[in-house]
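Trainee: So here's protein30.tsv (TSV, C-alpha atoms).
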```tsv
chain	number	residue	atom	x	y	z
A	1	MET	CA	131.40	131.43	66.22
A	2	ILE	CA	135.10	132.11	65.81
A	3	GLU	CA	136.28	134.39	63.04
A	4	ASP	CA	139.85	133.22	62.44
A	5	LYS	CA	140.87	136.09	60.21
A	6	ILE	CA	140.31	138.72	62.90
A	7	GLY	CA	141.68	136.60	65.71
A	8	VAL	CA	138.76	136.79	68.12
A	9	CYS	CA	136.60	134.14	69.63
A	10	HIS	CA	132.80	134.24	69.32
A	11	VAL	CA	131.23	131.97	71.86
A	12	MET	CA	127.78	130.69	70.90
A	13	GLU	CA	125.90	128.60	73.37
A	14	GLU	CA	122.44	128.66	74.89
A	15	ASN	CA	123.74	129.45	78.33
A	16	ARG	CA	126.41	132.08	78.95
A	17	VAL	CA	129.99	130.83	79.00
A	18	ASP	CA	130.89	129.93	82.52
A	19	VAL	CA	133.32	132.79	83.10
A	20	GLN	CA	133.07	133.13	86.81
A	21	ILE	CA	135.74	132.63	89.39
A	22	ARG	CA	134.11	130.55	92.05
A	23	GLN	CA	136.36	131.67	94.82
A	24	THR	CA	139.45	133.84	94.83
A	25	LYS	CA	141.28	130.60	95.35
A	26	ALA	CA	140.57	127.11	94.14
A	27	GLU	CA	137.90	125.31	96.07
A	28	PRO	CA	139.21	122.54	98.29
A	29	GLN	CA	138.40	119.16	96.84
A	30	PRO	CA	138.11	115.85	98.56
A	31	THR	CA	141.33	113.94	98.09
A	32	ASN	CA	140.00	110.48	98.74
A	33	ASN	CA	138.79	110.05	95.14
A	34	VAL	CA	141.71	111.82	93.47
A	35	PRO	CA	144.59	109.50	92.54
A	36	LYS	CA	148.08	110.39	93.63
A	37	CYS	CA	149.82	111.98	90.67
A	38	SER	CA	152.49	114.59	90.24
A	39	ASN	CA	151.98	117.98	88.64
A	40	GLY	CA	152.52	117.89	84.89
A	41	GLN	CA	151.81	114.16	84.61
A	42	CYS	CA	149.74	113.30	81.54
A	43	VAL	CA	146.72	111.28	82.64
A	44	VAL	CA	144.92	110.80	79.31
A	45	ALA	CA	146.01	111.54	75.74
A	46	MET	CA	143.14	111.18	73.27
A	47	PRO	CA	144.16	111.32	69.57
A	48	SER	CA	141.97	113.02	67.02
A	49	CYS	CA	139.51	110.75	65.22
A	50	SER	CA	140.27	112.38	61.87
A	51	ILE	CA	142.99	114.54	60.36
A	52	LEU	CA	140.69	116.61	58.14
A	53	LYS	CA	137.85	116.86	60.68
A	54	PRO	CA	139.51	116.90	64.11
A	55	SER	CA	137.30	115.53	66.86
A	56	PHE	CA	137.84	113.64	70.08
A	57	ASP	CA	135.98	110.72	71.63
A	58	LEU	CA	134.94	112.31	74.93
A	59	SER	CA	133.12	109.19	76.12
A	60	LEU	CA	136.36	107.22	75.82
A	61	CYS	CA	138.16	110.04	77.65
A	62	ARG	CA	135.67	109.73	80.49
A	63	ALA	CA	136.15	105.97	80.64
A	64	LYS	CA	139.92	106.33	80.86
A	65	LEU	CA	139.68	109.04	83.52
A	66	GLU	CA	137.29	106.93	85.59
A	67	ALA	CA	139.66	103.99	85.28
A	68	ASP	CA	142.39	106.23	86.74
A	69	GLY	CA	140.15	107.27	89.62
A	70	PHE	CA	138.83	110.64	88.40
A	71	GLN	CA	135.08	111.07	88.89
A	72	ILE	CA	134.05	114.12	86.86
A	73	PRO	CA	130.42	115.15	86.23
A	74	ILE	CA	129.30	115.53	82.63
A	75	GLN	CA	128.67	119.26	83.07
A	76	ASP	CA	132.30	119.69	84.10
A	77	MET	CA	133.86	117.89	81.13
A	78	GLU	CA	131.83	116.78	78.10
A	79	ALA	CA	129.48	119.76	77.94
A	80	PRO	CA	132.11	122.55	78.06
A	81	LEU	CA	134.50	120.61	75.80
A	82	LYS	CA	131.82	120.22	73.14
A	83	THR	CA	131.02	123.92	73.40
A	84	ALA	CA	134.70	124.84	73.05
A	85	LEU	CA	135.87	122.40	70.36
A	86	ASP	CA	132.86	120.88	68.61
A	87	VAL	CA	132.32	123.88	66.31
A	88	PRO	CA	132.90	123.76	62.52
A	89	SER	CA	135.02	126.92	62.49
A	90	VAL	CA	137.17	125.57	65.35
A	91	ARG	CA	137.71	122.31	63.49
A	92	ARG	CA	138.79	124.19	60.38
A	93	TYR	CA	141.20	126.24	62.45
A	94	LEU	CA	142.67	123.09	64.00
A	95	VAL	CA	143.35	121.74	60.52
A	96	PHE	CA	144.92	124.87	59.04
A	97	ASN	CA	146.92	125.64	62.18
A	98	SER	CA	148.16	122.08	62.70
A	99	ALA	CA	151.82	121.13	62.56
A	100	LEU	CA	151.08	118.66	59.75
A	101	PHE	CA	149.55	121.39	57.60
A	102	ARG	CA	152.57	123.65	58.13
A	103	PHE	CA	154.84	120.71	57.34
A	104	ALA	CA	152.98	120.03	54.08
A	105	MET	CA	152.92	123.71	53.14
A	106	ALA	CA	156.68	124.19	53.54
A	107	PRO	CA	157.65	122.74	50.11
A	108	VAL	CA	154.69	124.46	48.47
A	109	LEU	CA	155.76	127.75	49.99
A	110	TYR	CA	159.32	127.19	48.78
A	111	VAL	CA	158.18	126.59	45.18
A	112	VAL	CA	155.96	129.68	45.22
A	113	VAL	CA	158.74	131.86	46.64
A	114	TRP	CA	161.26	130.41	44.16
A	115	CYS	CA	159.03	131.13	41.18
A	116	GLY	CA	158.29	134.65	42.41
A	117	VAL	CA	161.94	135.52	43.04
A	118	PHE	CA	163.10	133.95	39.76
A	119	SER	CA	160.52	135.78	37.64
A	120	THR	CA	161.38	139.08	39.32
A	121	LEU	CA	165.16	138.77	38.95
A	122	HIS	CA	164.86	137.43	35.41
A	123	LEU	CA	163.02	140.57	34.34
A	124	TYR	CA	165.42	143.12	35.80
A	125	LEU	CA	168.77	141.30	35.73
A	126	SER	CA	170.64	139.87	32.76
A	127	VAL	CA	172.89	137.01	33.84
A	128	SER	CA	175.08	135.19	31.36
A	129	ASP	CA	175.40	132.08	33.50
A	130	TYR	CA	171.97	130.61	33.98
A	131	TRP	CA	173.06	128.34	36.83
A	132	VAL	CA	174.27	131.34	38.84
A	133	LEU	CA	170.80	132.87	38.65
A	134	CYS	CA	169.14	129.59	39.68
A	135	LEU	CA	171.55	129.11	42.57
A	136	SER	CA	170.99	132.66	43.81
A	137	VAL	CA	167.23	132.29	43.56
A	138	SER	CA	167.37	128.99	45.43
A	139	LEU	CA	169.41	130.49	48.28
A	140	VAL	CA	167.09	133.49	48.60
A	141	SER	CA	164.03	131.22	48.52
A	142	ILE	CA	165.43	128.95	51.20
A	143	PHE	CA	166.16	131.95	53.41
A	144	LEU	CA	162.69	133.47	52.97
A	145	THR	CA	160.89	130.15	53.45
A	146	THR	CA	162.86	129.40	56.62
A	147	ALA	CA	162.13	132.87	57.99
A	148	ILE	CA	158.39	132.48	57.40
A	149	ILE	CA	158.32	129.02	59.02
A	150	LEU	CA	160.24	130.31	62.05
A	151	VAL	CA	157.81	133.20	62.46
A	152	LEU	CA	154.86	130.80	62.32
A	153	GLN	CA	156.58	128.48	64.78
A	154	TYR	CA	157.23	131.32	67.20
A	155	SER	CA	153.66	132.59	66.98
A	156	ASN	CA	152.45	129.09	67.82
A	157	LYS	CA	154.12	129.44	71.24
A	158	GLU	CA	151.87	132.37	72.14
A	159	ILE	CA	148.42	132.10	73.65
A	160	ASN	CA	145.89	131.04	71.02
A	161	MET	CA	142.63	132.99	71.03
A	162	ASN	CA	140.81	130.37	68.99
A	163	ILE	CA	141.71	127.31	71.10
A	164	ASP	CA	143.46	128.19	74.36
A	165	VAL	CA	141.02	130.94	75.33
A	166	ARG	CA	138.03	128.73	74.53
A	167	LEU	CA	139.43	126.14	76.94
A	168	ILE	CA	139.50	128.60	79.86
A	169	GLN	CA	135.93	127.71	80.82
A	170	VAL	CA	136.80	124.00	80.67
A	171	ASN	CA	139.87	124.36	82.88
A	172	GLU	CA	137.89	126.45	85.36
A	173	ARG	CA	135.76	123.38	85.94
A	174	LEU	CA	138.44	120.69	85.67
A	175	VAL	CA	140.88	122.43	88.02
A	176	ARG	CA	138.52	121.56	90.86
A	177	HIS	CA	139.27	117.93	90.01
A	178	LYS	CA	143.02	118.66	89.78
A	179	LEU	CA	143.09	118.39	85.98
A	180	LEU	CA	143.95	120.73	83.13
A	181	VAL	CA	143.15	120.16	79.46
A	182	ALA	CA	144.76	121.36	76.21
A	183	VAL	CA	145.06	120.48	72.53
A	184	ALA	CA	148.62	119.90	71.29
A	185	ASP	CA	150.00	118.52	68.05
A	186	TRP	CA	153.30	117.92	66.30
A	187	VAL	CA	154.66	115.97	63.36
A	188	GLN	CA	156.20	112.57	64.07
A	189	SER	CA	157.51	110.37	61.26
A	190	CYS	CA	155.76	112.58	58.69
A	191	THR	CA	152.46	111.93	60.47
A	192	GLY	CA	150.35	114.46	62.32
A	193	ASN	CA	149.92	113.82	66.03
A	194	MET	CA	147.02	115.95	67.32
A	195	GLN	CA	145.74	114.93	70.73
A	196	LEU	CA	143.53	116.17	73.54
A	197	TYR	CA	145.56	116.00	76.74
A	198	PHE	CA	144.38	115.77	80.33
A	199	VAL	CA	147.18	116.66	82.73
A	200	PHE	CA	147.16	116.37	86.50
A	201	TRP	CA	147.77	119.72	88.18
A	202	ASP	CA	147.22	120.82	91.77
A	203	MET	CA	146.78	124.59	91.45
A	204	SER	CA	147.14	125.45	95.15
A	205	CYS	CA	150.94	125.81	95.18
A	206	CYS	CA	151.06	127.91	92.00
A	207	LEU	CA	148.17	130.05	93.24
A	208	ARG	CA	149.93	130.72	96.52
A	209	ALA	CA	153.29	131.48	94.87
A	210	LEU	CA	151.81	133.81	92.24
A	211	THR	CA	149.70	135.57	94.87
A	212	GLU	CA	152.80	136.24	96.95
A	213	THR	CA	154.55	137.66	93.89
A	214	LEU	CA	151.67	140.02	93.14
A	215	GLU	CA	151.48	141.08	96.79
A	216	GLN	CA	155.21	141.84	96.77
A	217	GLN	CA	154.67	144.02	93.73
A	218	GLY	CA	151.82	145.83	95.46
A	219	PHE	CA	153.89	148.93	96.10
A	220	VAL	CA	154.36	149.28	92.31
A	221	GLU	CA	150.80	148.28	91.47
A	222	ASN	CA	150.49	150.87	88.70
A	223	ASP	CA	153.60	149.54	86.98
A	224	THR	CA	152.34	145.97	87.27
A	225	GLN	CA	148.91	146.89	85.88
A	226	ASN	CA	150.48	148.81	83.00
A	227	LYS	CA	152.64	145.79	82.21
A	228	LEU	CA	149.57	143.54	82.18
A	229	LYS	CA	147.73	145.95	79.89
A	230	ARG	CA	150.69	146.13	77.52
A	231	LYS	CA	151.07	142.35	77.23
A	232	LEU	CA	147.40	141.32	77.35
A	233	SER	CA	145.64	144.21	75.61
A	234	HIS	CA	145.40	142.28	72.32
A	235	LEU	CA	143.47	139.44	73.97
A	236	VAL	CA	139.78	140.26	73.65
A	237	LEU	CA	136.97	137.71	73.86
A	238	VAL	CA	133.84	138.56	71.88
A	239	THR	CA	130.65	136.78	72.87
A	240	GLU	CA	127.33	136.77	71.05
A	241	ASP	CA	124.20	136.60	73.16
A	242	ALA	CA	120.51	136.76	72.49
A	243	THR	CA	118.50	139.63	73.90
A	244	VAL	CA	116.60	137.47	76.33
A	245	ASP	CA	119.86	135.99	77.61
A	246	ALA	CA	121.24	139.45	78.25
A	247	GLU	CA	118.24	140.48	80.30
A	248	VAL	CA	118.28	137.30	82.31
A	249	GLY	CA	122.03	137.45	82.69
A	250	GLY	CA	121.81	140.99	84.00
A	251	SER	CA	119.39	140.01	86.76
A	252	ASP	CA	121.47	137.00	87.70
A	253	GLU	CA	124.60	139.10	87.82
A	254	ASP	CA	123.01	141.38	90.40
A	255	GLN	CA	122.28	138.37	92.56
A	256	ASP	CA	125.84	137.01	92.49
A	257	SER	CA	127.51	136.87	95.86
A	258	SER	CA	130.41	139.17	96.61
A	259	GLU	CA	132.73	136.16	96.68
A	260	GLN	CA	132.15	135.54	92.96
A	261	ARG	CA	133.73	137.75	90.32
A	262	PRO	CA	133.78	137.43	86.53
A	263	LEU	CA	136.95	135.91	85.16
A	264	LEU	CA	136.75	138.13	82.08
A	265	ARG	CA	136.27	141.85	82.63
A	266	HIS	CA	133.50	143.54	80.64
A	267	GLU	CA	134.88	146.07	78.19
A	268	VAL	CA	132.36	147.18	75.57
A	269	THR	CA	128.82	146.21	74.64
A	270	GLU	CA	127.78	146.83	71.08
A	271	CYS	CA	124.03	146.60	70.79
A	272	SER	CA	121.02	148.69	69.93
A	273	THR	CA	118.45	149.86	72.44
A	274	SER	CA	115.61	147.55	73.35
A	275	SER	CA	113.12	149.79	71.52
A	276	ASN	CA	114.72	149.48	68.07
A	277	ARG	CA	116.28	146.01	68.40
A	278	PRO	CA	114.43	143.27	66.50
A	279	GLU	CA	113.03	140.50	68.63
A	280	GLY	CA	115.50	137.62	68.98
A	281	ALA	CA	118.43	139.69	67.70
A	282	ASN	CA	121.91	139.00	69.01
A	283	PHE	CA	124.33	141.50	70.44
A	284	THR	CA	128.06	141.25	71.01
A	285	THR	CA	129.97	141.86	74.21
A	286	ASN	CA	133.71	142.31	74.51
A	287	TYR	CA	135.61	140.91	77.46
A	288	SER	CA	139.22	141.65	78.30
A	289	LEU	CA	141.61	139.07	79.71
A	290	ILE	CA	143.38	141.76	81.73
A	291	PRO	CA	142.69	141.33	85.47
A	292	ASP	CA	140.80	144.27	86.91
A	293	ALA	CA	142.94	146.57	89.05
A	294	SER	CA	140.39	146.48	91.85
A	295	LEU	CA	140.70	142.71	92.30
A	296	PRO	CA	142.75	141.39	95.21
A	297	ALA	CA	146.10	139.77	94.46
A	298	GLU	CA	144.71	136.26	94.89
A	299	ALA	CA	141.91	136.83	92.39
A	300	LYS	CA	144.35	138.30	89.87
A	301	ALA	CA	146.64	135.31	90.31
A	302	TYR	CA	143.76	132.88	89.78
A	303	GLN	CA	142.65	134.68	86.61
A	304	LEU	CA	146.16	134.66	85.15
A	305	LEU	CA	146.59	130.97	85.97
A	306	MET	CA	143.32	130.07	84.28
A	307	THR	CA	144.03	132.29	81.27
A	308	TYR	CA	147.36	130.61	80.51
A	309	SER	CA	146.50	127.09	81.70
A	310	ALA	CA	145.76	125.60	78.26
A	311	THR	CA	148.71	127.41	76.67
A	312	TYR	CA	151.06	126.10	79.35
A	313	VAL	CA	149.87	122.49	79.03
A	314	ARG	CA	150.18	122.64	75.24
A	315	LEU	CA	153.76	123.93	75.43
A	316	LEU	CA	154.66	121.50	78.21
A	317	LEU	CA	153.57	118.42	76.29
A	318	SER	CA	155.07	119.56	73.01
A	319	GLU	CA	158.44	120.13	74.72
A	320	SER	CA	158.36	123.83	73.84
A	321	LEU	CA	158.87	125.16	77.37
A	322	SER	CA	162.22	126.48	78.46
A	323	ARG	CA	164.08	125.10	81.46
A	324	PRO	CA	164.39	127.32	84.52
A	325	SER	CA	167.74	129.05	84.65
A	326	HIS	CA	167.63	131.31	87.70
A	327	TYR	CA	164.85	129.42	89.50
A	328	PRO	CA	165.92	126.62	91.82
A	329	LEU	CA	164.38	123.27	91.00
A	330	GLY	CA	163.43	122.54	94.57
A	331	PRO	CA	159.84	121.89	95.58
A	332	GLN	CA	159.65	125.37	97.13
A	333	ARG	CA	159.83	127.08	93.73
A	334	ASN	CA	159.08	124.53	91.02
A	335	HIS	CA	155.69	122.86	91.27
A	336	CYS	CA	156.12	120.70	88.15
A	337	SER	CA	157.45	117.15	88.30
A	338	SER	CA	159.63	117.72	85.22
A	339	ASP	CA	162.56	120.11	84.91
A	340	HIS	CA	160.47	122.64	82.97
A	341	LEU	CA	159.06	125.88	84.29
A	342	CYS	CA	155.89	125.34	86.28
A	343	LEU	CA	152.73	127.31	85.50
A	344	CYS	CA	153.34	130.18	87.92
A	345	GLN	CA	156.97	130.50	86.83
A	346	TYR	CA	155.87	130.58	83.19
A	347	ILE	CA	153.47	133.44	83.95
A	348	LYS	CA	156.15	135.33	85.89
A	349	LYS	CA	158.56	135.01	83.00
A	350	LYS	CA	155.97	135.74	80.31
A	351	ILE	CA	154.03	138.62	81.84
A	352	LEU	CA	155.32	139.92	85.18
```
Translate this file's structure into structure tokens.

Mentor:
Amino acid sequence: MIEDKIGVCHVMEENRVDVQIRQTKAEPQPTNNVPKCSNGQCVVAMPSCSILKPSFDLSLCRAKLEADGFQIPIQDMEAPLKTALDVPSVRRYLVFNSALFRFAMAPVLYVVVWCGVFSTLHLYLSVSDYWVLCLSVSLVSIFLTTAIILVLQYSNKEINMNIDVRLIQVNERLVRHKLLVAVADWVQSCTGNMQLYFVFWDMSCCLRALTETLEQQGFVENDTQNKLKRKLSHLVLVTEDATVDAEVGGSDEDQDSSEQRPLLRHEVTECSTSSNRPEGANFTTNYSLIPDASLPAEAKAYQLLMTYSATYVRLLLSESLSRPSHYPLGPQRNHCSSDHLCLCQYIKKKIL
């Protein structure tokens, strides 16, 4: 379960989170059942069923996707989406981190700041003109409230450990069907607009372009790896697993083929020995989102694309992405149908 206050994601499910990279590049998919769409095109936008208890009708999502020609197995959509989003702590986080909640809290924050500043200045300053004091307090309160809102708005553009990282496993499955999923929301006409978005995205072009970039930086591999560590070191996924799952998972891991590598690199395991651990006890395992230095360039590119897939889709649909300035908008460099940065360009600008 997620602990919002410490900013880490606890994944609880009977089976281990599907955090494996199937191939170092996306598996080729049959194109006869995939409709012709352009990258970045929104296929389905499913609004939340409730403002206070955000949830999405996944059966209706499936019906709309099937009507558009997407045939997706249940284990590739409903099951991982329920694991990622249908958790009480995740729903609470969606409410308190929503744009509507920040919009409603702005006047409350202003009143609290105004009262705090006024009481402080009134104790230590003696002003003959009362209106001068009130005007000064109002200006200071407006400045502080605006600064706090801007900081919160800026932080919302970063990768979200509680939502975006949980959707990595979902996008790992959906990318094989040329889809990416994300949760985005904004305020429109004083009304919250939280929706689950399914966006068409063919990952092959971005994978190839990002792989070429990493290969070109191969001669400065240490610098590139240090840059990744510096910008991704705060992203740690904490999973909770039962003892029996760990033992089974360890045997399965030994049997994995050499073509399959974990998307999240194992960092630390905090557990007691099997002799003093109570039966049925859980243990935690930390995974880092930093690509392992020993991975080939293509595997690193795939992991970075999957890590930032939900963040990119959320920013794309909320019109929070910047336009490319020094990148040409031709099909050779921009793989998005709009004039925004495509996924690989966003990663280059953000990390590399």

Trainee: Quick one, how far is CA of Asp86 (chain A) from CA of Thr239 (chain A)?

Mentor: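 Answer for the CA of Asp86 (chain A) to CA of Thr239 (chain A) separation: 16.6 Å.
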
Trainee: Please determine, counting all atoms listed in the file, which residue among A:Gln345, A:Ser38, A:Ser233, A:Thr146 has the shortest atom-to-atom distance to Thr213 (chain A).

Mentor: A:Gln345

Trainee: Would you work out the distance separating CA of Ala79 (chain A) from CA of Asn39 (chain A), expressed in Å to one decimal?

Mentor: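 Computed distance, CA of Ala79 (chain A) to CA of Asn39 (chain A), equals 25.0 Å.
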
Trainee: Provide the CA of Val117 (chain A) to CA of Ser138 (chain A) distance in Å, to one decimal place.

Mentor: 8.8 Å

Trainee: Taking all atoms listed in the file into account, which of A:Cys336, A:Ile74, A:Val238, A:Leu150 comes nearest Leu174 (chain A)?

Mentor: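 Of all the options, A:Ile74 lies closest to Leu174 (chain A).
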
Trainee: Measuring atom to atom with all atoms listed in the file, identify which of A:Leu214, A:Cys205, A:Val112, A:Cys342 is nearest to Ala299 (chain A).

Mentor: A:Leu214

Trainee: Considering only C-alpha atoms, give me a table of residues in region 96-126 of chain A that are at most 10 Å from region 155-166 of chain A, with the closest atom pair and distance in Å for each, as a tab-separated table.

Mentor:
```
residue	atom	partner	partner_atom	distance
A:Asn97	CA	A:Asn156	CA	8.6
A:Ser98	CA	A:Asn156	CA	9.7
A:Ala99	CA	A:Asn156	CA	9.6
```

Trainee: Taking 3 positions as the minimum chain separation for residues in the same chain, which residues sit within 12 Å of Gly116 (chain A) when counting all atoms listed in the file? Answer as a count of residues only.

Mentor: 15

Trainee: Counting all atoms listed in the file, which residue out of A:Ile51, A:Met105, A:Leu135, A:Leu228 sits closest to Lys350 (chain A)?

Mentor: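 Counting all atoms listed in the file, the residue closest to Lys350 (chain A) is A:Leu228.
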
Trainee: Which protein, DNA or RNA residues are at most 9 Å from (139.0, 119.0, 88.0) in the file's coordinates when you count only C-alpha atoms, listed as a list in words?

Mentor: Gln29, Phe70, Gln71, Ile72, Asp76, Met77, Asn171, Glu172, Arg173, Leu174, Val175, Arg176, His177, Lys178, Leu179, Leu180, Phe200 and Trp201 of chain A

Trainee: Which is closest to Gln303 (chain A) among A:Val236, A:Leu207, A:Cys190, A:Leu352, if we use all atoms listed in the file?

Mentor: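 Counting all atoms listed in the file, the residue closest to Gln303 (chain A) is A:Leu207.
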
Trainee: From the list A:Trp186, A:Tyr302, A:Phe103, A:Phe283, which residue is nearest Arg208 (chain A) when using all atoms listed in the file?

Mentor: A:Tyr302
